[in-house]
Amino acid sequence: SDSDPLQDFCIGDLKASPSINGFPCKSAVSASDFFFSGLGGPLDTSNPNGVNVAPANVLTFPGLNTLGISMNNVELAPGGVNSPHLHPRATEVGTVIEGSVFVGFLTTNNTLFSKVLNAGEAFVIPRGLVHFQWNVGQVKARLITAFNSQLPGAVILPNTLFGSNPEIPNAVLTRAFRTDDTTVHNLKSKFAG
Ligand code: GLV
Ligand code: MN
């Protein structure tokens, strides 16, 4: 859903300051600007979530600048969870390459649509809706996702709410989650930084 380009391509000059929409065009262009090697994995999933996401967006693959499209390589350890998150600037479409993944998204009425997907199956997440993936198999799972934005952005709910800088006041979070200070403090300690 990015705006339409007005030229064949405009390889992003990441050293220049971002302009109103994306990056200025780089002047010297070569074949390598149109290719990217970072979607193969394997990725390190030894973290509390058991997930790792390698993006091919305008920041890692500047050839995407002005073209309104990007991808991710997502790997999940057995039991791993890609936390509930949303992309403010893009609809997401994805396919499972290996493993068995519970994919879900929530509507603005809090209806959950979900399914367990296996290799070769695909899903779509409408723009801006909260979604997650959970590896329900015994082995690692891998997905390739794609977006109609060169930089879809990701608002990862646990990190946004409990790991912001500066922090959201505890008074806000205890009220919002109808819980106590200890619980909020404990959650913040997991997401600080
Ligand atoms: C998965 O939801 C992703 O954003 O790549
Ligand atoms: Mn996503």
# chains A, B, ... in the order shown; residues from 1 in each chain; ligands from 1
$ residues_near_ligand --ligand "ligand 1" --cutoff "9 Å" --atoms "only C-alpha atoms and all ligand atoms" --output "list of chain:residue names"
A:Val53, A:Ala54, A:Pro55, A:Met71, A:Asn72, A:Asn73, A:Val74, A:Asn82, A:Ser83, A:Pro84, A:His85, A:Leu86, A:His87, A:Glu92, A:Val93, A:Gly94, A:Val103, A:Ile125, A:His131, A:Phe132, A:Gln133, A:Leu143, A:Ile144, A:Thr145, A:Ala146, A:Phe147, A:Pro152, A:Gly153, A:Ala154
$ write_last_selection --atoms "C-alpha atoms" --output "mmCIF file, in the first residue's frame"
data_model
loop_
_atom_site.group_PDB
_atom_site.id
_atom_site.type_symbol
_atom_site.label_atom_id
_atom_site.label_comp_id
_atom_site.auth_asym_id
_atom_site.auth_seq_id
_atom_site.Cartn_x
_atom_site.Cartn_y
_atom_site.Cartn_z
ATOM 1 C CA VAL A 53 12.873 -12.934 11.913
ATOM 2 C CA ALA A 54 15.258 -11.883 9.132
ATOM 3 C CA PRO A 55 13.764 -9.047 7.096
ATOM 4 C CA MET A 71 9.641 -10.094 2.729
ATOM 5 C CA ASN A 72 10.679 -11.829 5.951
ATOM 6 C CA ASN A 73 12.272 -15.178 6.721
ATOM 7 C CA VAL A 74 10.714 -16.388 10.005
ATOM 8 C CA ASN A 82 6.224 -15.037 17.091
ATOM 9 C CA SER A 83 4.552 -12.666 19.597
ATOM 10 C CA PRO A 84 1.255 -10.961 18.813
ATOM 11 C CA HIS A 85 2.134 -7.979 16.606
ATOM 12 C CA LEU A 86 0.756 -5.804 13.817
ATOM 13 C CA HIS A 87 2.117 -4.042 10.749
ATOM 14 C CA GLU A 92 0.975 -9.656 5.053
ATOM 15 C CA VAL A 93 0.830 -12.849 3.007
ATOM 16 C CA GLY A 94 2.918 -15.843 4.032
ATOM 17 C CA VAL A 103 -1.299 -18.992 12.527
ATOM 18 C CA ILE A 125 -3.155 -11.052 7.543
ATOM 19 C CA HIS A 131 -1.517 -11.729 14.523
ATOM 20 C CA PHE A 132 0.931 -14.380 15.726
ATOM 21 C CA GLN A 133 2.537 -17.694 14.752
ATOM 22 C CA LEU A 143 7.843 -19.326 6.978
ATOM 23 C CA ILE A 144 8.374 -16.786 4.252
ATOM 24 C CA THR A 145 6.172 -13.724 4.595
ATOM 25 C CA ALA A 146 5.628 -10.843 2.168
ATOM 26 C CA PHE A 147 4.245 -7.333 2.557
ATOM 27 C CA PRO A 152 5.780 -2.496 6.908
ATOM 28 C CA GLY A 153 6.819 -1.697 10.498
ATOM 29 C CA ALA A 154 6.037 -4.038 13.385
#
$ residues_around --residues "Thr108 of chain A" --least-positions-apart "5" --cutoff "10 Å" --atoms "only C-alpha atoms" --output "MDAnalysis selection string"
chainID A and resid 128:130
$ closest_residue --among "A:Leu173, A:Val139, A:Val116, A:Ala90" --to "ligand 2" --atoms "only C-alpha atoms and all ligand atoms"
A:Ala90
$ atom_distance --atom1 "atom CA of Ile97 of chain A" --atom2 "atom CA of Gly137 of chain A"
13.2 Å
$ closest_residue --among "A:Asn57, A:Arg178, A:Asn49, A:Pro42" --to "Lys190 of chain A" --atoms "only C-alpha atoms"
A:Asn49
$ closest_residue --among "A:Val155, A:Ile168, A:Leu39, A:Ile20" --to "Pro88 of chain A" --atoms "only C-alpha atoms"
A:Val155
$ residues_around --residues "Leu76 of chain A" --least-positions-apart "3" --cutoff "8 Å" --atoms "only C-alpha atoms" --output "count of residues only"
13
$ select_by_dssp --residues "segment 3-154 of chain A" --states "strand (DSSP E)" --output "ChimeraX atom specification"
/A:51-56,70-76,81-86,92-98,100-106,112-118,122-125,131-135,141-147
$ select_by_dssp --residues "segment 13-162 of chain A" --states "alpha helix (DSSP H)" --output "ChimeraX atom specification"
/A:157-162
$ write_last_selection --atoms "N, CA, C and O atoms" --output "PDB file, in the first residue's frame"
ATOM      1  N   LEU A 157       3.266  -6.304  20.501  1.00  0.00           N
ATOM      2  CA  LEU A 157       2.487  -5.831  21.648  1.00  0.00           C
ATOM      3  C   LEU A 157       3.198  -5.973  22.992  1.00  0.00           C
ATOM      4  O   LEU A 157       3.254  -4.991  23.750  1.00  0.00           O
ATOM      5  N   PRO A 158       3.755  -7.145  23.358  1.00  0.00           N
ATOM      6  CA  PRO A 158       4.411  -7.223  24.673  1.00  0.00           C
ATOM      7  C   PRO A 158       5.537  -6.209  24.815  1.00  0.00           C
ATOM      8  O   PRO A 158       5.678  -5.562  25.853  1.00  0.00           O
ATOM      9  N   ASN A 159       6.343  -6.057  23.758  1.00  0.00           N
ATOM     10  CA  ASN A 159       7.473  -5.128  23.808  1.00  0.00           C
ATOM     11  C   ASN A 159       6.990  -3.687  23.862  1.00  0.00           C
ATOM     12  O   ASN A 159       7.555  -2.854  24.576  1.00  0.00           O
ATOM     13  N   THR A 160       5.958  -3.372  23.080  1.00  0.00           N
ATOM     14  CA  THR A 160       5.437  -2.008  23.065  1.00  0.00           C
ATOM     15  C   THR A 160       4.876  -1.630  24.430  1.00  0.00           C
ATOM     16  O   THR A 160       5.140  -0.547  24.951  1.00  0.00           O
ATOM     17  N   LEU A 161       4.122  -2.549  25.038  1.00  0.00           N
ATOM     18  CA  LEU A 161       3.430  -2.208  26.282  1.00  0.00           C
ATOM     19  C   LEU A 161       4.342  -2.279  27.507  1.00  0.00           C
ATOM     20  O   LEU A 161       4.219  -1.474  28.420  1.00  0.00           O
ATOM     21  N   PHE A 162       5.250  -3.263  27.521  1.00  0.00           N
ATOM     22  CA  PHE A 162       6.047  -3.490  28.729  1.00  0.00           C
ATOM     23  C   PHE A 162       7.527  -3.173  28.545  1.00  0.00           C
ATOM     24  O   PHE A 162       8.281  -3.251  29.504  1.00  0.00           O
TER      25      PHE A 162
END
$ closest_residue --among "A:Asn21, A:Asp13, A:Gln150, A:Gly193" --to "Pro166 of chain A" --atoms "only C-alpha atoms"
A:Gly193
$ closest_residue --among "A:Thr91, A:Ser70, A:Thr60, A:Ser1" --to "ligand 2" --atoms "only C-alpha atoms and all ligand atoms"
A:Thr91
$ closest_residue --among "A:Leu112, A:Leu151, A:Val172, A:Ala31" --to "ligand 2" --atoms "only C-alpha atoms and all ligand atoms"
A:Leu151
$ atom_distance --atom1 "atom CA of Asn110 of chain A" --atom2 "atom CA of Asn165 of chain A"
27.8 Å
$ atom_distance --atom1 "atom CA of Ala192 of chain A" --atom2 "atom CA of Ile156 of chain A"
13.5 Å
$ decode --residues "segment 12-147 of chain A" --atoms "C-alpha atoms" --output "PDB file, in the first residue's frame"
ATOM      1  CA  GLY A  12      17.743   3.584  -1.656  1.00  0.00           C
ATOM      2  CA  ASP A  13      20.742   5.607  -0.553  1.00  0.00           C
ATOM      3  CA  LEU A  14      20.693   4.563   3.105  1.00  0.00           C
ATOM      4  CA  LYS A  15      23.481   7.014   3.965  1.00  0.00           C
ATOM      5  CA  ALA A  16      21.253   9.934   3.006  1.00  0.00           C
ATOM      6  CA  SER A  17      18.516  11.100   5.383  1.00  0.00           C
ATOM      7  CA  PRO A  18      15.180   9.433   4.677  1.00  0.00           C
ATOM      8  CA  SER A  19      13.004  11.753   2.638  1.00  0.00           C
ATOM      9  CA  ILE A  20       9.247  12.205   3.105  1.00  0.00           C
ATOM     10  CA  ASN A  21       8.597   8.718   1.712  1.00  0.00           C
ATOM     11  CA  GLY A  22      11.559   6.353   1.687  1.00  0.00           C
ATOM     12  CA  PHE A  23      15.125   7.183   0.721  1.00  0.00           C
ATOM     13  CA  PRO A  24      16.651   9.330  -2.034  1.00  0.00           C
ATOM     14  CA  CYS A  25      17.916   7.345  -5.052  1.00  0.00           C
ATOM     15  CA  LYS A  26      21.524   6.180  -5.165  1.00  0.00           C
ATOM     16  CA  SER A  27      23.356   7.363  -8.293  1.00  0.00           C
ATOM     17  CA  ALA A  28      25.661   4.403  -9.113  1.00  0.00           C
ATOM     18  CA  VAL A  29      23.493   1.310  -9.676  1.00  0.00           C
ATOM     19  CA  SER A  30      24.711  -2.238 -10.355  1.00  0.00           C
ATOM     20  CA  ALA A  31      23.163  -5.704 -10.676  1.00  0.00           C
ATOM     21  CA  SER A  32      23.888  -6.492  -7.037  1.00  0.00           C
ATOM     22  CA  ASP A  33      21.394  -3.786  -5.979  1.00  0.00           C
ATOM     23  CA  PHE A  34      18.555  -6.023  -7.238  1.00  0.00           C
ATOM     24  CA  PHE A  35      19.525  -9.232  -5.440  1.00  0.00           C
ATOM     25  CA  PHE A  36      19.486 -10.260  -1.786  1.00  0.00           C
ATOM     26  CA  SER A  37      20.855 -13.377  -0.109  1.00  0.00           C
ATOM     27  CA  GLY A  38      19.445 -13.218   3.416  1.00  0.00           C
ATOM     28  CA  LEU A  39      16.283 -15.323   3.212  1.00  0.00           C
ATOM     29  CA  GLY A  40      17.760 -18.815   3.479  1.00  0.00           C
ATOM     30  CA  GLY A  41      18.491 -19.225   7.174  1.00  0.00           C
ATOM     31  CA  PRO A  42      19.119 -21.092   9.357  1.00  0.00           C
ATOM     32  CA  LEU A  43      18.528 -18.445  12.035  1.00  0.00           C
ATOM     33  CA  ASP A  44      19.369 -18.574  15.739  1.00  0.00           C
ATOM     34  CA  THR A  45      16.139 -19.142  17.680  1.00  0.00           C
ATOM     35  CA  SER A  46      17.767 -19.586  21.108  1.00  0.00           C
ATOM     36  CA  ASN A  47      15.862 -16.756  22.822  1.00  0.00           C
ATOM     37  CA  PRO A  48      12.870 -16.794  25.220  1.00  0.00           C
ATOM     38  CA  ASN A  49      10.352 -16.666  22.339  1.00  0.00           C
ATOM     39  CA  GLY A  50      12.115 -19.294  20.228  1.00  0.00           C
ATOM     40  CA  VAL A  51      11.794 -17.125  17.132  1.00  0.00           C
ATOM     41  CA  ASN A  52      13.998 -15.174  14.766  1.00  0.00           C
ATOM     42  CA  VAL A  53      12.873 -12.934  11.913  1.00  0.00           C
ATOM     43  CA  ALA A  54      15.258 -11.883   9.132  1.00  0.00           C
ATOM     44  CA  PRO A  55      13.764  -9.047   7.096  1.00  0.00           C
ATOM     45  CA  ALA A  56      14.320  -8.244   3.443  1.00  0.00           C
ATOM     46  CA  ASN A  57      12.972  -4.706   3.669  1.00  0.00           C
ATOM     47  CA  VAL A  58      14.309  -1.409   2.341  1.00  0.00           C
ATOM     48  CA  LEU A  59      16.778  -1.189   5.243  1.00  0.00           C
ATOM     49  CA  THR A  60      18.465  -4.518   4.420  1.00  0.00           C
ATOM     50  CA  PHE A  61      17.665  -4.636   0.668  1.00  0.00           C
ATOM     51  CA  PRO A  62      17.717  -1.029  -0.593  1.00  0.00           C
ATOM     52  CA  GLY A  63      16.686  -2.144  -4.098  1.00  0.00           C
ATOM     53  CA  LEU A  64      13.124  -2.340  -2.722  1.00  0.00           C
ATOM     54  CA  ASN A  65      13.012   1.450  -2.226  1.00  0.00           C
ATOM     55  CA  THR A  66       9.829   2.960  -3.825  1.00  0.00           C
ATOM     56  CA  LEU A  67       8.585  -0.486  -4.968  1.00  0.00           C
ATOM     57  CA  GLY A  68       6.080  -1.091  -2.166  1.00  0.00           C
ATOM     58  CA  ILE A  69       7.064  -4.669  -1.364  1.00  0.00           C
ATOM     59  CA  SER A  70       9.206  -6.650   1.119  1.00  0.00           C
ATOM     60  CA  MET A  71       9.641 -10.094   2.729  1.00  0.00           C
ATOM     61  CA  ASN A  72      10.679 -11.829   5.951  1.00  0.00           C
ATOM     62  CA  ASN A  73      12.272 -15.178   6.721  1.00  0.00           C
ATOM     63  CA  VAL A  74      10.714 -16.388  10.005  1.00  0.00           C
ATOM     64  CA  GLU A  75      12.086 -19.368  11.930  1.00  0.00           C
ATOM     65  CA  LEU A  76      10.441 -20.904  14.991  1.00  0.00           C
ATOM     66  CA  ALA A  77      11.958 -23.492  17.345  1.00  0.00           C
ATOM     67  CA  PRO A  78       9.542 -26.259  18.465  1.00  0.00           C
ATOM     68  CA  GLY A  79       6.979 -24.497  20.663  1.00  0.00           C
ATOM     69  CA  GLY A  80       8.331 -21.086  19.583  1.00  0.00           C
ATOM     70  CA  VAL A  81       6.019 -18.097  19.311  1.00  0.00           C
ATOM     71  CA  ASN A  82       6.224 -15.037  17.091  1.00  0.00           C
ATOM     72  CA  SER A  83       4.552 -12.666  19.597  1.00  0.00           C
ATOM     73  CA  PRO A  84       1.255 -10.961  18.813  1.00  0.00           C
ATOM     74  CA  HIS A  85       2.134  -7.979  16.606  1.00  0.00           C
ATOM     75  CA  LEU A  86       0.756  -5.804  13.817  1.00  0.00           C
ATOM     76  CA  HIS A  87       2.117  -4.042  10.749  1.00  0.00           C
ATOM     77  CA  PRO A  88       0.791  -0.481  10.481  1.00  0.00           C
ATOM     78  CA  ARG A  89       1.732  -0.070   6.813  1.00  0.00           C
ATOM     79  CA  ALA A  90       1.072  -3.419   5.123  1.00  0.00           C
ATOM     80  CA  THR A  91      -1.063  -6.466   4.555  1.00  0.00           C
ATOM     81  CA  GLU A  92       0.975  -9.656   5.053  1.00  0.00           C
ATOM     82  CA  VAL A  93       0.830 -12.849   3.007  1.00  0.00           C
ATOM     83  CA  GLY A  94       2.918 -15.843   4.032  1.00  0.00           C
ATOM     84  CA  THR A  95       3.640 -19.481   3.345  1.00  0.00           C
ATOM     85  CA  VAL A  96       5.002 -22.257   5.536  1.00  0.00           C
ATOM     86  CA  ILE A  97       8.188 -23.743   4.003  1.00  0.00           C
ATOM     87  CA  GLU A  98       8.718 -26.403   6.650  1.00  0.00           C
ATOM     88  CA  GLY A  99       7.092 -27.520   9.879  1.00  0.00           C
ATOM     89  CA  SER A 100       3.635 -27.097  11.332  1.00  0.00           C
ATOM     90  CA  VAL A 101       2.481 -23.637  12.395  1.00  0.00           C
ATOM     91  CA  PHE A 102      -0.626 -22.360  14.193  1.00  0.00           C
ATOM     92  CA  VAL A 103      -1.299 -18.992  12.527  1.00  0.00           C
ATOM     93  CA  GLY A 104      -3.899 -16.613  13.926  1.00  0.00           C
ATOM     94  CA  PHE A 105      -5.137 -13.058  13.550  1.00  0.00           C
ATOM     95  CA  LEU A 106      -7.721 -10.982  15.393  1.00  0.00           C
ATOM     96  CA  THR A 107     -10.306  -8.676  13.940  1.00  0.00           C
ATOM     97  CA  THR A 108     -11.128  -5.270  15.399  1.00  0.00           C
ATOM     98  CA  ASN A 109     -14.116  -7.074  17.025  1.00  0.00           C
ATOM     99  CA  ASN A 110     -11.715  -9.511  18.745  1.00  0.00           C
ATOM    100  CA  THR A 111     -12.707 -12.517  16.646  1.00  0.00           C
ATOM    101  CA  LEU A 112      -9.788 -14.945  16.265  1.00  0.00           C
ATOM    102  CA  PHE A 113      -9.317 -16.569  12.861  1.00  0.00           C
ATOM    103  CA  SER A 114      -6.731 -19.362  13.033  1.00  0.00           C
ATOM    104  CA  LYS A 115      -5.512 -22.535  11.398  1.00  0.00           C
ATOM    105  CA  VAL A 116      -2.613 -24.995  11.639  1.00  0.00           C
ATOM    106  CA  LEU A 117      -0.655 -24.775   8.375  1.00  0.00           C
ATOM    107  CA  ASN A 118       1.898 -27.171   6.904  1.00  0.00           C
ATOM    108  CA  ALA A 119       4.469 -26.789   4.124  1.00  0.00           C
ATOM    109  CA  GLY A 120       3.025 -25.256   0.977  1.00  0.00           C
ATOM    110  CA  GLU A 121       0.035 -23.667   2.691  1.00  0.00           C
ATOM    111  CA  ALA A 122      -0.473 -19.913   2.845  1.00  0.00           C
ATOM    112  CA  PHE A 123      -2.210 -17.294   4.953  1.00  0.00           C
ATOM    113  CA  VAL A 124      -3.112 -13.628   4.741  1.00  0.00           C
ATOM    114  CA  ILE A 125      -3.155 -11.052   7.543  1.00  0.00           C
ATOM    115  CA  PRO A 126      -5.187  -7.959   6.671  1.00  0.00           C
ATOM    116  CA  ARG A 127      -3.305  -4.689   7.175  1.00  0.00           C
ATOM    117  CA  GLY A 128      -2.976  -3.489  10.754  1.00  0.00           C
ATOM    118  CA  LEU A 129      -4.561  -6.522  12.451  1.00  0.00           C
ATOM    119  CA  VAL A 130      -2.906  -8.283  15.419  1.00  0.00           C
ATOM    120  CA  HIS A 131      -1.517 -11.729  14.523  1.00  0.00           C
ATOM    121  CA  PHE A 132       0.931 -14.380  15.726  1.00  0.00           C
ATOM    122  CA  GLN A 133       2.537 -17.694  14.752  1.00  0.00           C
ATOM    123  CA  TRP A 134       3.178 -20.690  17.006  1.00  0.00           C
ATOM    124  CA  ASN A 135       5.237 -23.740  16.059  1.00  0.00           C
ATOM    125  CA  VAL A 136       3.042 -26.676  17.097  1.00  0.00           C
ATOM    126  CA  GLY A 137       5.339 -29.343  15.572  1.00  0.00           C
ATOM    127  CA  GLN A 138       8.245 -31.336  17.008  1.00  0.00           C
ATOM    128  CA  VAL A 139      10.837 -29.806  14.671  1.00  0.00           C
ATOM    129  CA  LYS A 140      11.768 -26.295  13.619  1.00  0.00           C
ATOM    130  CA  ALA A 141       9.357 -24.370  11.396  1.00  0.00           C
ATOM    131  CA  ARG A 142      10.120 -21.836   8.683  1.00  0.00           C
ATOM    132  CA  LEU A 143       7.843 -19.326   6.978  1.00  0.00           C
ATOM    133  CA  ILE A 144       8.374 -16.786   4.252  1.00  0.00           C
ATOM    134  CA  THR A 145       6.172 -13.724   4.595  1.00  0.00           C
ATOM    135  CA  ALA A 146       5.628 -10.843   2.168  1.00  0.00           C
ATOM    136  CA  PHE A 147       4.245  -7.333   2.557  1.00  0.00           C
TER     137      PHE A 147
END
